[in-house]
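Pasting my_file_16.txt here (compact mmCIF, C-alpha atoms):
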```txt
# COMPACT_ATOMS: atom_id res chain seq x y z
CA MET A 1 144.37 68.75 -60.09
CA ALA A 2 141.16 67.87 -61.79
CA GLU A 3 142.20 69.41 -65.06
CA LEU A 4 142.60 66.85 -67.75
CA ASN A 5 145.97 66.94 -69.36
CA THR A 6 145.27 66.84 -73.02
CA GLY A 7 148.58 68.21 -74.23
CA GLY A 8 149.29 65.01 -76.06
CA GLY A 9 153.06 65.02 -76.22
CA GLY A 10 154.63 66.05 -79.52
CA GLY A 11 153.12 68.12 -82.28
CA ASP A 12 153.92 71.34 -83.99
CA GLY A 13 153.57 74.80 -82.50
CA LYS A 14 150.13 75.56 -83.98
CA LYS A 15 148.43 72.55 -82.41
CA VAL A 16 149.68 73.28 -78.92
CA ARG A 17 148.34 76.81 -79.15
CA SER A 18 144.83 75.64 -80.11
CA LYS A 19 144.63 73.49 -76.96
CA LYS A 20 145.73 76.21 -74.63
CA SER A 21 142.25 76.68 -73.17
CA ASN A 22 142.54 73.79 -70.79
CA PRO A 23 139.34 71.70 -70.68
CA GLY A 24 138.67 70.90 -67.01
CA VAL A 25 136.34 68.06 -66.08
CA ASP A 26 133.07 69.48 -64.84
CA LEU A 27 132.73 68.25 -61.28
CA THR A 28 129.42 69.99 -60.54
CA ALA A 29 127.27 66.96 -61.21
CA MET A 30 129.60 64.72 -59.26
CA VAL A 31 129.52 67.01 -56.24
CA ASP A 32 125.74 67.25 -56.53
CA LEU A 33 125.45 63.52 -56.45
CA ALA A 34 127.88 63.18 -53.56
CA PHE A 35 125.97 65.68 -51.45
CA LEU A 36 122.67 64.04 -52.29
CA LEU A 37 124.01 60.72 -51.02
CA ILE A 38 125.46 62.38 -47.92
CA THR A 39 122.08 63.88 -47.11
CA PHE A 40 120.42 60.52 -47.62
CA PHE A 41 122.82 58.66 -45.34
CA MET A 42 122.73 61.37 -42.68
CA LEU A 43 118.97 61.34 -42.51
CA THR A 44 118.53 57.60 -42.59
CA THR A 45 121.12 56.88 -39.92
CA THR A 46 119.70 59.26 -37.34
CA LEU A 47 116.03 58.71 -38.04
CA SER A 48 116.09 54.95 -38.02
CA LYS A 49 116.91 54.76 -34.31
CA PRO A 50 113.70 53.65 -32.69
CA GLN A 51 112.23 55.52 -29.78
CA SER A 52 111.35 53.76 -26.62
CA MET A 53 109.22 54.21 -23.57
CA PRO A 54 110.58 52.78 -20.35
CA LEU A 55 108.01 50.87 -18.34
CA ALA A 56 108.36 49.54 -14.83
CA MET A 57 105.80 47.05 -13.65
CA PRO A 58 105.16 46.32 -9.98
CA ASP A 59 106.87 43.18 -8.80
CA LYS A 60 104.58 40.19 -8.85
CA THR A 61 105.39 38.16 -5.81
CA GLU A 62 103.29 35.12 -5.24
CA ASP A 63 102.47 35.73 -1.58
CA VAL A 64 100.78 39.11 -1.59
CA SER A 65 100.46 40.55 1.87
CA ASP A 66 96.97 41.26 3.09
CA PRO A 67 95.69 44.13 0.97
CA SER A 68 93.47 45.44 3.75
CA ASP A 69 96.40 46.92 5.64
CA MET A 70 97.39 48.95 2.61
CA LYS A 71 95.82 52.36 2.87
CA ILE A 72 94.55 53.61 -0.46
CA PRO A 73 94.32 57.36 -0.73
CA GLU A 74 90.91 57.38 -2.35
CA ASP A 75 90.95 61.06 -3.22
CA ARG A 76 94.12 60.68 -5.24
CA MET A 77 93.32 57.42 -6.91
CA MET A 78 92.08 57.47 -10.47
CA THR A 79 91.23 54.37 -12.44
CA ILE A 80 91.13 54.26 -16.23
CA LEU A 81 89.31 51.37 -17.85
CA ILE A 82 90.15 50.89 -21.51
CA GLY A 83 87.32 49.45 -23.56
CA LYS A 84 86.84 48.66 -27.21
CA ASP A 85 86.57 51.07 -30.16
CA ASN A 86 89.09 53.52 -28.71
CA LYS A 87 86.88 54.47 -25.78
CA LEU A 88 87.54 54.50 -22.08
CA ILE A 89 85.88 55.00 -18.72
CA TRP A 90 87.45 56.68 -15.73
CA TYR A 91 86.50 57.06 -12.10
CA MET A 92 88.04 58.36 -8.90
CA GLY A 93 88.32 56.44 -5.67
CA GLN A 94 87.28 52.88 -5.15
CA PHE A 95 84.99 51.01 -7.47
CA ALA A 96 82.24 50.33 -4.90
CA THR A 97 82.28 53.86 -3.47
CA PRO A 98 83.65 56.16 -6.15
CA ARG A 99 84.48 59.76 -5.33
CA MET A 100 83.65 60.64 -8.90
CA ALA A 101 81.25 58.40 -10.78
CA PRO A 102 82.48 56.41 -13.80
CA THR A 103 82.44 58.61 -16.88
CA GLU A 104 83.13 57.90 -20.49
CA ALA A 105 85.87 59.85 -22.21
CA ALA A 106 87.81 59.99 -25.45
CA TYR A 107 91.54 60.01 -26.10
CA GLY A 108 93.57 63.08 -26.87
CA LYS A 109 93.96 66.58 -25.60
CA ASP A 110 90.27 67.42 -25.38
CA GLY A 111 89.35 64.15 -23.77
CA ILE A 112 91.31 62.30 -21.16
CA ARG A 113 94.09 64.87 -20.86
CA LYS A 114 91.76 67.58 -19.55
CA ILE A 115 90.31 65.11 -17.09
CA ILE A 116 93.72 64.03 -15.86
CA LEU A 117 94.70 67.66 -15.35
CA GLN A 118 91.49 68.35 -13.42
CA ASN A 119 91.98 65.27 -11.31
CA THR A 120 95.60 66.18 -10.65
CA LYS A 121 94.37 69.48 -9.18
CA TYR A 122 91.75 67.65 -7.15
CA ALA A 123 94.35 65.20 -5.86
CA LYS A 124 96.71 68.03 -4.92
CA GLN A 125 93.96 69.62 -2.85
CA HIS A 126 93.39 66.40 -0.96
CA ALA A 127 97.03 65.45 -0.57
CA ASP A 128 98.55 65.23 2.89
CA LYS A 129 102.00 66.22 1.71
CA PRO A 130 102.79 68.77 -1.01
CA ASP A 131 104.77 66.32 -3.10
CA GLU A 132 101.92 63.88 -3.39
CA GLY A 133 99.99 63.83 -6.63
CA LEU A 134 97.59 61.77 -8.62
CA ILE A 135 97.82 58.00 -8.69
CA VAL A 136 96.51 56.39 -11.84
CA ASN A 137 95.63 52.75 -12.18
CA ILE A 138 95.41 51.70 -15.81
CA LYS A 139 93.23 48.71 -16.46
CA ALA A 140 93.00 47.55 -20.02
CA SER A 141 90.25 45.15 -20.99
CA ASP A 142 90.73 42.25 -23.37
CA LYS A 143 88.99 44.20 -26.12
CA SER A 144 91.50 47.03 -26.14
CA THR A 145 94.51 47.28 -28.39
CA TYR A 146 98.18 47.89 -27.72
CA LYS A 147 97.82 51.37 -29.21
CA ASN A 148 95.25 52.29 -26.57
CA LEU A 149 97.64 51.28 -23.84
CA ILE A 150 100.51 53.27 -25.35
CA ASP A 151 98.22 56.29 -25.75
CA ILE A 152 97.34 56.21 -22.07
CA LEU A 153 100.94 55.65 -21.03
CA ASP A 154 101.81 58.59 -23.23
CA GLU A 155 99.24 60.74 -21.43
CA MET A 156 100.91 59.77 -18.17
CA ALA A 157 104.21 61.06 -19.54
CA ILE A 158 102.64 64.24 -20.94
CA ASN A 159 100.80 65.10 -17.74
CA LYS A 160 103.72 64.01 -15.55
CA VAL A 161 101.52 61.84 -13.39
CA GLN A 162 103.37 61.08 -10.18
CA LEU A 163 102.51 57.42 -9.95
CA TYR A 164 100.88 55.05 -12.37
CA ALA A 165 100.61 51.34 -12.79
CA ILE A 166 99.04 48.81 -15.07
CA GLY A 167 96.63 46.64 -13.18
CA ASP A 168 94.38 43.69 -13.84
CA ILE A 169 90.76 44.44 -14.59
CA THR A 170 88.12 43.00 -12.28
CA THR A 171 84.91 41.30 -13.35
CA PHE A 172 82.85 44.16 -11.89
CA GLU A 173 84.71 46.59 -14.05
CA ILE A 174 84.17 44.41 -17.10
CA ASP A 175 80.47 44.41 -16.27
CA LEU A 176 80.57 48.19 -16.13
CA LEU A 177 82.20 48.33 -19.54
CA LYS A 178 79.58 45.93 -20.89
CA GLU A 179 76.84 48.10 -19.46
CA LYS A 180 78.22 51.10 -21.32
CA GLY A 181 78.64 49.03 -24.46
CA LEU A 182 82.41 49.22 -24.46
CA TYR A 183 83.25 45.57 -24.15
CA MET B 1 150.07 91.43 -73.84
CA ALA B 2 149.70 91.12 -70.10
CA LYS B 3 146.27 92.77 -70.14
CA HIS B 4 144.94 90.21 -72.57
CA LYS B 5 146.02 87.32 -70.33
CA ILE B 6 144.08 88.65 -67.34
CA SER B 7 140.86 89.06 -69.28
CA ARG B 8 141.03 85.43 -70.42
CA LYS B 9 141.07 84.03 -66.91
CA SER B 10 138.45 81.33 -66.49
CA THR B 11 135.45 81.99 -64.23
CA ARG B 12 135.21 78.35 -63.31
CA ILE B 13 135.61 77.33 -59.67
CA ASP B 14 137.85 74.44 -58.95
CA MET B 15 135.57 71.89 -57.37
CA THR B 16 138.24 69.34 -56.64
CA ALA B 17 138.46 70.13 -52.96
CA MET B 18 134.70 70.27 -52.57
CA CYS B 19 134.37 66.95 -54.29
CA ASP B 20 137.03 65.47 -52.04
CA VAL B 21 135.25 66.62 -48.92
CA ALA B 22 131.88 65.43 -50.17
CA PHE B 23 133.16 61.96 -50.87
CA LEU B 24 135.06 61.81 -47.61
CA LEU B 25 131.85 62.55 -45.74
CA LEU B 26 129.96 60.14 -47.94
CA SER B 27 132.35 57.30 -47.18
CA PHE B 28 132.14 58.16 -43.49
CA PHE B 29 128.37 57.93 -43.45
CA VAL B 30 128.29 54.79 -45.55
CA MET B 31 130.68 53.09 -43.18
CA THR B 32 129.06 54.20 -39.95
CA ALA B 33 125.53 53.52 -41.12
CA THR B 34 124.19 50.26 -39.85
CA ALA B 35 122.32 48.58 -42.62
CA LYS B 36 118.72 48.00 -41.80
CA GLN B 37 118.32 44.31 -41.24
CA PRO B 38 115.33 42.70 -42.86
CA GLU B 39 112.87 41.73 -40.17
CA PRO B 40 110.80 38.58 -40.26
CA LYS B 41 107.82 40.59 -39.06
CA PRO B 42 107.60 44.26 -39.97
CA VAL B 43 105.33 45.92 -37.44
CA ASP B 44 103.74 49.33 -37.28
CA THR B 45 104.60 50.64 -33.83
CA PRO B 46 102.20 53.01 -32.07
CA ALA B 47 103.25 56.64 -31.77
CA SER B 48 104.18 58.41 -28.57
CA THR B 49 105.56 61.78 -27.52
CA VAL B 50 108.34 60.24 -25.45
CA ILE B 51 111.56 60.95 -27.33
CA ASP B 52 113.96 58.68 -25.45
CA LYS B 53 115.98 56.60 -27.84
CA LEU B 54 116.29 52.89 -27.47
CA PRO B 55 119.80 51.90 -26.30
CA GLU B 56 121.84 51.04 -29.35
CA ASP B 57 123.15 47.67 -28.39
CA GLY B 58 122.59 45.07 -25.77
CA VAL B 59 118.85 45.12 -26.15
CA ALA B 60 116.85 42.00 -26.83
CA VAL B 61 113.72 42.84 -28.77
CA ILE B 62 110.47 40.92 -28.61
CA THR B 63 108.43 41.73 -31.69
CA VAL B 64 104.72 41.12 -31.46
CA GLY B 65 102.47 41.26 -34.49
CA ASP B 66 99.36 39.32 -35.55
CA SER B 67 99.53 37.32 -32.31
CA ALA B 68 102.90 35.95 -33.36
CA VAL B 69 106.02 36.59 -31.33
CA PHE B 70 109.55 37.02 -32.64
CA PHE B 71 112.75 37.37 -30.69
CA THR B 72 115.94 39.25 -31.54
CA ILE B 73 119.00 38.52 -29.41
CA PRO B 74 121.93 40.97 -29.30
CA ARG B 75 124.77 39.71 -31.44
CA ASN B 76 127.37 39.35 -28.70
CA ILE B 77 125.34 36.85 -26.73
CA ARG B 78 123.58 35.13 -29.62
CA ARG B 79 125.86 32.14 -29.69
CA GLY B 80 125.91 31.78 -25.91
CA THR B 81 122.14 31.80 -25.81
CA LEU B 82 121.80 29.07 -28.41
CA GLU B 83 124.41 26.95 -26.64
CA ARG B 84 122.43 27.20 -23.43
CA VAL B 85 119.17 26.41 -25.15
CA ALA B 86 120.76 23.44 -26.90
CA ASP B 87 122.05 22.13 -23.56
CA LEU B 88 118.74 22.66 -21.84
CA LYS B 89 116.56 21.07 -24.48
CA GLY B 90 119.04 18.47 -25.68
CA VAL B 91 119.09 19.68 -29.26
CA GLY B 92 122.35 19.29 -31.13
CA PHE B 93 123.57 22.10 -33.35
CA THR B 94 126.58 21.90 -35.62
CA GLU B 95 129.29 24.52 -35.79
CA GLU B 96 127.79 25.70 -39.05
CA ASP B 97 124.41 26.11 -37.38
CA TYR B 98 125.96 28.32 -34.72
CA LYS B 99 127.60 30.47 -37.35
CA LYS B 100 124.34 30.84 -39.21
CA PHE B 101 122.47 31.63 -36.02
CA ASP B 102 125.03 34.34 -35.32
CA GLY B 103 123.94 36.06 -38.51
CA LEU B 104 120.24 35.52 -37.91
CA GLU B 105 118.75 38.83 -36.87
CA GLY B 106 115.36 37.92 -35.49
CA PHE B 107 113.52 34.64 -35.59
CA GLY B 108 110.07 33.34 -34.90
CA VAL B 109 109.96 29.57 -35.09
CA PRO B 110 109.53 26.85 -32.50
CA LEU B 111 112.79 25.26 -31.41
CA SER B 112 112.01 22.12 -33.37
CA LYS B 113 111.94 24.10 -36.61
CA LEU B 114 114.97 26.26 -35.90
CA LYS B 115 117.36 23.85 -37.59
CA SER B 116 115.41 23.83 -40.82
CA LEU B 117 115.16 27.63 -40.70
CA LEU B 118 118.92 27.87 -40.43
CA THR B 119 119.41 25.78 -43.56
CA LEU B 120 117.41 28.26 -45.61
CA LYS B 121 119.08 31.11 -47.43
CA GLY B 122 118.88 34.59 -45.93
CA GLU B 123 116.13 35.90 -48.17
CA ALA B 124 114.00 32.79 -48.01
CA ARG B 125 113.88 32.94 -44.21
CA ASN B 126 111.81 36.09 -44.26
CA ALA B 127 109.36 34.85 -46.86
CA PRO B 128 105.78 35.01 -45.61
CA GLY B 129 104.54 31.82 -44.00
CA ILE B 130 107.98 30.48 -43.06
CA GLN B 131 108.16 31.96 -39.57
CA GLN B 132 104.97 31.53 -37.62
CA GLY B 133 106.18 32.84 -34.28
CA ILE B 134 107.69 31.42 -31.13
CA PRO B 135 105.21 29.50 -28.96
CA TYR B 136 104.39 31.50 -25.85
CA ASP B 137 101.38 29.76 -24.33
CA SER B 138 101.56 28.54 -20.77
CA VAL B 139 102.02 24.90 -21.77
CA ASN B 140 104.86 25.47 -24.18
CA ASP B 141 106.46 28.71 -23.09
CA GLN B 142 109.46 28.83 -25.41
CA LEU B 143 109.56 32.62 -25.42
CA GLY B 144 110.13 32.60 -21.68
CA MET B 145 112.88 30.05 -22.11
CA TRP B 146 114.65 32.11 -24.78
CA VAL B 147 114.44 35.27 -22.68
CA GLU B 148 115.72 33.46 -19.62
CA GLN B 149 118.62 31.87 -21.47
CA ALA B 150 119.49 35.16 -23.16
CA ARG B 151 119.63 36.84 -19.76
CA GLU B 152 121.80 34.04 -18.43
CA ALA B 153 124.09 34.26 -21.44
CA ASN B 154 124.34 38.01 -20.96
CA LYS B 155 125.20 37.51 -17.32
CA GLN B 156 127.95 35.08 -18.19
CA PHE B 157 129.27 37.28 -20.98
CA LEU B 158 129.57 40.27 -18.66
CA ASN B 159 130.97 38.22 -15.79
CA ASP B 160 133.62 36.79 -18.07
CA LYS B 161 134.58 40.27 -19.16
CA ILE B 162 134.78 41.51 -15.61
CA ALA B 163 136.79 38.46 -14.60
CA SER B 164 139.24 39.09 -17.43
CA GLY B 165 140.08 42.43 -15.87
CA ASP B 166 138.05 44.76 -18.03
CA THR B 167 137.25 47.56 -15.60
CA LYS B 168 135.06 49.48 -18.03
CA VAL B 169 132.36 46.83 -18.01
CA LYS B 170 129.67 47.13 -15.42
CA PHE B 171 127.22 44.41 -14.64
CA LYS B 172 123.79 45.12 -16.03
CA ASP B 173 120.84 42.87 -16.63
CA LEU B 174 119.89 42.36 -20.24
CA ASP B 175 117.56 45.10 -21.45
CA ILE B 176 114.41 43.90 -23.08
CA ALA B 177 112.20 45.88 -25.43
CA ILE B 178 108.73 44.99 -26.60
CA LYS B 179 107.98 46.08 -30.14
CA GLY B 180 104.30 45.62 -30.63
CA ASP B 181 102.04 46.37 -33.54
CA ALA B 182 99.59 49.20 -32.86
CA LYS B 183 96.62 47.01 -33.73
CA GLU B 184 97.76 44.12 -31.59
CA SER B 185 95.15 43.13 -29.03
CA TYR B 186 95.97 43.82 -25.40
CA PRO B 187 95.82 40.20 -24.12
CA THR B 188 98.72 39.22 -26.39
CA ILE B 189 100.88 42.05 -25.04
CA LYS B 190 99.74 41.24 -21.53
CA ARG B 191 100.81 37.64 -22.00
CA VAL B 192 104.29 38.73 -23.09
CA ILE B 193 104.55 41.11 -20.13
CA ASP B 194 103.42 38.32 -17.81
CA ILE B 195 106.15 36.04 -19.17
CA LEU B 196 108.73 38.72 -18.39
CA GLN B 197 107.29 39.36 -14.95
CA LYS B 198 107.37 35.70 -14.13
CA GLN B 199 111.15 35.96 -14.39
CA HIS B 200 111.09 39.10 -12.24
CA LYS B 201 111.94 41.23 -15.22
CA ASN B 202 109.83 44.22 -14.26
CA ARG B 203 111.59 46.95 -16.21
CA PHE B 204 111.58 46.98 -19.94
CA PHE B 205 111.12 49.24 -22.93
CA LEU B 206 108.18 49.68 -25.24
CA VAL B 207 109.28 50.63 -28.73
CA THR B 208 107.24 53.48 -30.16
CA GLY B 209 107.28 55.77 -33.16
CA LEU B 210 107.31 59.54 -33.30
CA ARG B 211 104.05 61.39 -32.80
CA ASN B 212 103.48 64.73 -34.45
CA GLU B 213 103.39 67.82 -32.28
CA ASP B 214 99.71 68.67 -32.25
CA PHE B 215 98.62 65.57 -30.40
```
For the structure just supplied, provide its representation as structure tokens.
Amino acid sequence: MAELNTGGGGGDGKKVRSKKSNPGVDLTAMVDLAFLLITFFMLTTTLSKPQSMPLAMPDKTEDVSDPSDMKIPEDRMMTILIGKDNKLIWYMGQFATPRMAPTEAAYGKDGIRKIILQNTKYAKQHADKPDEGLIVNIKASDKSTYKNLIDILDEMAINKVQLYAIGDITTFEIDLLKEKGLY
Amino acid sequence: MAKHKISRKSTRIDMTAMCDVAFLLLSFFVMTATAKQPEPKPVDTPASTVIDKLPEDGVAVITVGDSAVFFTIPRNIRRGTLERVADLKGVGFTEEDYKKFDGLEGFGVPLSKLKSLLTLKGEARNAPGIQQGIPYDSVNDQLGMWVEQAREANKQFLNDKIASGDTKVKFKDLDIAIKGDAKESYPTIKRVIDILQKQHKNRFFLVTGLRNEDF
């Protein structure tokens, strides 16, 4: 099929014999090129699909019912305060009476991940029901970046934290960050 | 005589079939590939280990970078959204404007400058300095308006389809994704989230990149 027909019509017997070795078009380079392009298109089409992280925020209704009748399980409640320069502070329980005092930590597997795992164990010990786990409240300060928030949300996904939410930071917590030089 | 003929047989492989297959596959990939649309604001998304893919279509994307906000409306409701916005704000758009808006991937201009953006050629629209972002402050919350109208347009689009007897279509609220730059400050993102929450849009996607394994 790809052989080029060079038997150019008429001519005497000798000429036809000299062209008997049929010169085929070399398709190697063409196939090489075609496969190169295939590889390129295959890779670009699948890799260009962006990844996404689903996020559900608590509904913000204007008339919030009295927060005092909401029981907060202090032993399972962890708060992460995100400060500037990729640093954060965490504590367990309520701000005024923390179960574990505010501590500074770093991002990554040797920093906050270890702490979350420890706190998950702690929360499991204090849980009333076996399916209850750690509750994390993420509070990002105005000095933090979007990357910090994604990093913490990512930790939530890695550690399979049962419940987490993004909350608004209070002025006391900002003061705490200022005190530690993270605001 | 016969022996000689056998020894002269060429060692070449006929690549015709291989070439055919290669080009068939090539044309398939070229045709299925969606060309990457030039974005008015290329952002560097933060990495995460979550490997869920963003739904392919029907997602409105809010791009946030350098405190500027850009909005990308899915193609099927683009026209409907602009019609609603035009009605709401009393801005007149010509048929040509609608056609151009249909081809406009993402945009980041105040409504008053949208008309002049549409008159520009495709390449010139994405030149730096042309698109400064959609206003999203509390006084002039145009981003909220666009999102709201896009959701309304999506609702109408799906309702029309269901009404026309298409049983495959299920009603679903417009998905919204936030594509933020990694270095973007948190208050800007928070403001965008607040705008969505004000409309009771509490579920959305955050677009991220791939993180390497040893994180």
Taking into account all atoms listed in the file, which residue in the set B:Thr94, B:Gln132, B:Thr167, B:Ser48 is nearest to A:Ile158?
-> B:Ser48
Mind checking which residues fall within 7 Å of B:Thr63, counting all atoms listed in the file, ignoring those fewer than 2 positions away in the same chain, and posting them as a list in words?
->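 Result of the neighbour search: Val61, Gly65, Val69, Phe70, Phe71, Ile178, Lys179 and Gly180 of chain B.
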Include C-alpha atoms and write out the residues we just selected as a PDB file, keeping the file's coordinate frame.
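Final output, result24.pdb:
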```
ATOM      1  CA  VAL B  61     113.720  42.840 -28.770  1.00  0.00           C
ATOM      2  CA  GLY B  65     102.470  41.260 -34.490  1.00  0.00           C
ATOM      3  CA  VAL B  69     106.020  36.590 -31.330  1.00  0.00           C
ATOM      4  CA  PHE B  70     109.550  37.020 -32.640  1.00  0.00           C
ATOM      5  CA  PHE B  71     112.750  37.370 -30.690  1.00  0.00           C
ATOM      6  CA  ILE B 178     108.730  44.990 -26.600  1.00  0.00           C
ATOM      7  CA  LYS B 179     107.980  46.080 -30.140  1.00  0.00           C
ATOM      8  CA  GLY B 180     104.300  45.620 -30.630  1.00  0.00           C
TER       9      GLY B 180
END
```
Once you count only C-alpha atoms, which residues of chain A turn out to be within 7 Å of chain B? Could you give them as number ranges by chain?
-> A: 2, 27, 31, 34-35, 37-38, 41-42, 45, 49-60, 108-109, 142-147, 150-151, 154
Which one is closest to B:Asn126: B:Lys113, B:Glu39, B:Ala86, B:Arg79? Count all atoms listed in the file.
->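 The shortest atom-to-atom distance to B:Asn126 comes from B:Glu39.
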Can you find the residues with an atom no farther than 10 Å from (121.5, 37.0, -21.9), counting all atoms listed in the file, and report them as a PDB file with C-alpha atoms, in the coordinates of the input?
```pdb
ATOM      1  CA  GLY B  58     122.590  45.070 -25.770  1.00  0.00           C
ATOM      2  CA  VAL B  59     118.850  45.120 -26.150  1.00  0.00           C
ATOM      3  CA  ALA B  60     116.850  42.000 -26.830  1.00  0.00           C
ATOM      4  CA  ILE B  73     119.000  38.520 -29.410  1.00  0.00           C
ATOM      5  CA  PRO B  74     121.930  40.970 -29.300  1.00  0.00           C
ATOM      6  CA  ASN B  76     127.370  39.350 -28.700  1.00  0.00           C
ATOM      7  CA  ILE B  77     125.340  36.850 -26.730  1.00  0.00           C
ATOM      8  CA  ARG B  78     123.580  35.130 -29.620  1.00  0.00           C
ATOM      9  CA  GLY B  80     125.910  31.780 -25.910  1.00  0.00           C
ATOM     10  CA  THR B  81     122.140  31.800 -25.810  1.00  0.00           C
ATOM     11  CA  ARG B  84     122.430  27.200 -23.430  1.00  0.00           C
ATOM     12  CA  TRP B 146     114.650  32.110 -24.780  1.00  0.00           C
ATOM     13  CA  VAL B 147     114.440  35.270 -22.680  1.00  0.00           C
ATOM     14  CA  GLU B 148     115.720  33.460 -19.620  1.00  0.00           C
ATOM     15  CA  GLN B 149     118.620  31.870 -21.470  1.00  0.00           C
ATOM     16  CA  ALA B 150     119.490  35.160 -23.160  1.00  0.00           C
ATOM     17  CA  ARG B 151     119.630  36.840 -19.760  1.00  0.00           C
ATOM     18  CA  GLU B 152     121.800  34.040 -18.430  1.00  0.00           C
ATOM     19  CA  ALA B 153     124.090  34.260 -21.440  1.00  0.00           C
ATOM     20  CA  ASN B 154     124.340  38.010 -20.960  1.00  0.00           C
ATOM     21  CA  LYS B 155     125.200  37.510 -17.320  1.00  0.00           C
ATOM     22  CA  GLN B 156     127.950  35.080 -18.190  1.00  0.00           C
ATOM     23  CA  PHE B 157     129.270  37.280 -20.980  1.00  0.00           C
ATOM     24  CA  LEU B 158     129.570  40.270 -18.660  1.00  0.00           C
ATOM     25  CA  ASP B 173     120.840  42.870 -16.630  1.00  0.00           C
ATOM     26  CA  LEU B 174     119.890  42.360 -20.240  1.00  0.00           C
ATOM     27  CA  ASP B 175     117.560  45.100 -21.450  1.00  0.00           C
ATOM     28  CA  ILE B 176     114.410  43.900 -23.080  1.00  0.00           C
TER      29      ILE B 176
END
```
Nearest-residue call for B:Thr72, choices B:Asp166, B:Asp102, B:Asp97, B:Glu123, using all atoms listed in the file =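 For B:Thr72, the nearest of the candidates is B:Asp102.
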Hey, can you check how far atom CA of A:Lys87 sits from atom CA of A:Leu182?
->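 Computing it gives 7.0 Å between the two atoms.
Residues lying within 9 Å of A:Ile152, counting only C-alpha atoms and ignoring same-chain neighbours fewer than 5 positions away, are Ile80, Ile82, Tyr107, Ile112, Ile138, Lys147 and Ala157 of chain A.
Residue nearest A:Ala127 within the list A:Glu179, A:Asp75, A:Glu173, A:Asp168: A:Asp75 [criterion: smallest interatomic distance, all atoms listed in the file].
You will find atom CA of B:Asp160 at 24.1 Å from atom CA of B:Lys89.
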Report the distance between atom CA of A:Gly133 and atom CA of A:Gln162 in Å, rounded to one decimal place.
->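 Between these atoms lies a distance of 5.6 Å.
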